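entry-v8.csv follows (CSV, C-alpha atoms):
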```
chain,number,residue,atom,x,y,z
A,1,MET,CA,-3.7,3.3,-4.6
A,2,LYS,CA,-7.2,2.0,-4.4
A,3,SER,CA,-8.3,-1.6,-4.1
A,4,THR,CA,-10.4,-2.7,-7.1
A,5,HIS,CA,-11.4,-6.1,-5.8
A,6,THR,CA,-11.2,-8.5,-2.9
A,7,GLY,CA,-10.6,-12.2,-3.0
A,8,GLU,CA,-10.0,-15.2,-0.8
A,9,LEU,CA,-6.7,-17.0,-0.8
A,10,PRO,CA,-6.9,-20.8,-1.1
A,11,LEU,CA,-5.9,-21.5,2.4
A,12,PRO,CA,-8.6,-23.9,3.7
A,13,MET,CA,-6.7,-24.5,7.0
A,14,LEU,CA,-7.5,-21.0,8.1
A,15,PRO,CA,-10.9,-19.6,9.4
A,16,ARG,CA,-12.9,-18.5,6.4
A,17,ALA,CA,-12.7,-14.7,7.1
A,18,ALA,CA,-8.9,-14.8,7.6
A,19,PRO,CA,-7.4,-15.2,4.1
A,20,GLN,CA,-8.9,-12.1,2.4
A,21,ALA,CA,-6.7,-10.4,-0.2
A,22,HIS,CA,-7.1,-7.0,-1.8
A,23,ILE,CA,-6.3,-6.5,-5.5
A,24,PHE,CA,-4.7,-3.3,-6.7
A,25,LEU,CA,-4.3,-2.8,-10.5
A,26,ALA,CA,-1.2,-0.7,-9.9
A,27,LEU,CA,0.5,-3.8,-8.4
A,28,GLY,CA,0.0,-6.0,-11.5
A,29,SER,CA,-0.4,-9.7,-10.5
A,30,THR,CA,0.4,-9.0,-6.8
A,31,SER,CA,-2.3,-8.9,-4.1
A,32,LEU,CA,-2.1,-7.5,-0.6
A,33,ILE,CA,-3.1,-9.4,2.4
A,34,SER,CA,-3.6,-8.0,5.9
A,35,ILE,CA,-1.2,-9.5,8.5
A,36,GLY,CA,-3.5,-7.8,11.1
A,37,LEU,CA,-6.5,-9.6,9.8
A,38,LEU,CA,-4.7,-13.0,9.8
A,39,CYS,CA,-3.6,-12.3,13.4
A,40,ASP,CA,-7.1,-11.3,14.4
A,41,HIS,CA,-8.2,-14.8,13.3
A,42,GLY,CA,-5.5,-16.7,15.3
A,43,CYS,CA,-2.4,-16.6,13.1
A,44,GLN,CA,1.0,-15.5,14.2
A,45,ALA,CA,3.3,-13.4,12.1
A,46,HIS,CA,7.1,-13.7,12.5
A,47,LEU,CA,9.1,-11.1,10.7
A,48,ASP,CA,12.8,-10.6,10.3
A,49,THR,CA,15.1,-8.7,8.0
A,50,SER,CA,14.6,-11.1,5.1
A,51,LYS,CA,11.2,-12.9,5.4
A,52,VAL,CA,7.8,-13.2,7.0
A,53,VAL,CA,6.4,-16.5,8.3
A,54,ILE,CA,2.7,-16.9,9.0
A,55,THR,CA,1.7,-19.8,11.3
A,56,TYR,CA,-1.7,-21.0,12.4
A,57,LYS,CA,-2.1,-23.6,15.2
A,58,ASP,CA,1.7,-24.0,15.2
A,59,LYS,CA,1.8,-24.9,11.5
A,60,ILE,CA,3.4,-22.8,8.8
A,61,VAL,CA,0.7,-21.6,6.3
A,62,LEU,CA,2.6,-18.8,4.4
A,63,VAL,CA,6.2,-17.8,3.9
A,64,GLY,CA,7.2,-14.7,2.1
A,65,GLN,CA,10.6,-13.2,1.1
A,66,ARG,CA,11.3,-9.5,1.6
A,67,SER,CA,11.5,-7.6,-1.6
A,68,ASP,CA,14.4,-5.4,-2.6
A,69,THR,CA,12.1,-2.6,-3.8
A,70,THR,CA,11.2,0.5,-1.9
A,71,PRO,CA,9.0,0.6,0.2
A,72,PRO,CA,10.0,-2.8,1.5
A,73,TYR,CA,7.3,-5.4,0.7
A,74,CYS,CA,7.2,-9.1,1.4
A,75,THR,CA,6.0,-11.4,-1.4
A,76,LEU,CA,4.2,-14.5,-0.5
```
What do you get writing this file as structure tokens?
Amino acid sequence: MKSTHTGELPLPMLPRAAPQAHIFLALGSTSLISIGLLCDHGCQAHLDTSKVVITYKDKIVLVGQRSDTTPPYCTL
């Protein structure tokens, strides 16, 4: 897959460079975000078997549920 566009998620509480999303036509209306990029800008990612929780300055900014599809994705 190849990203066709990038965009910015509407998360004004994060540093401007952090909430970048990549759009892949093959994923339909779903975009991909980089957990590494979020963490590089001060976020923390907490993953378990069913969900991901992204926090910034001890506040929850995103919560995603793990998908039942393969490969295992989390949808936010």
Find the residues around stretch 56-71 of chain A up to 12 Å (all atoms listed in the file counted), leave out those fewer than 2 positions away in its own chain, and share them as a ChimeraX atom specification.
/A:9-15,18-19,33,35,38-54,73-76
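If you look at atom CA of A:Gly36 and atom CA of A:Thr4, they are 20.1 Å away from each other.
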Near-A:Leu25 list (12 Å; all atoms listed in the file; drop same-chain fewer than 5 positions) as a PyMOL selection string
chain A and resi 1-6+30-32
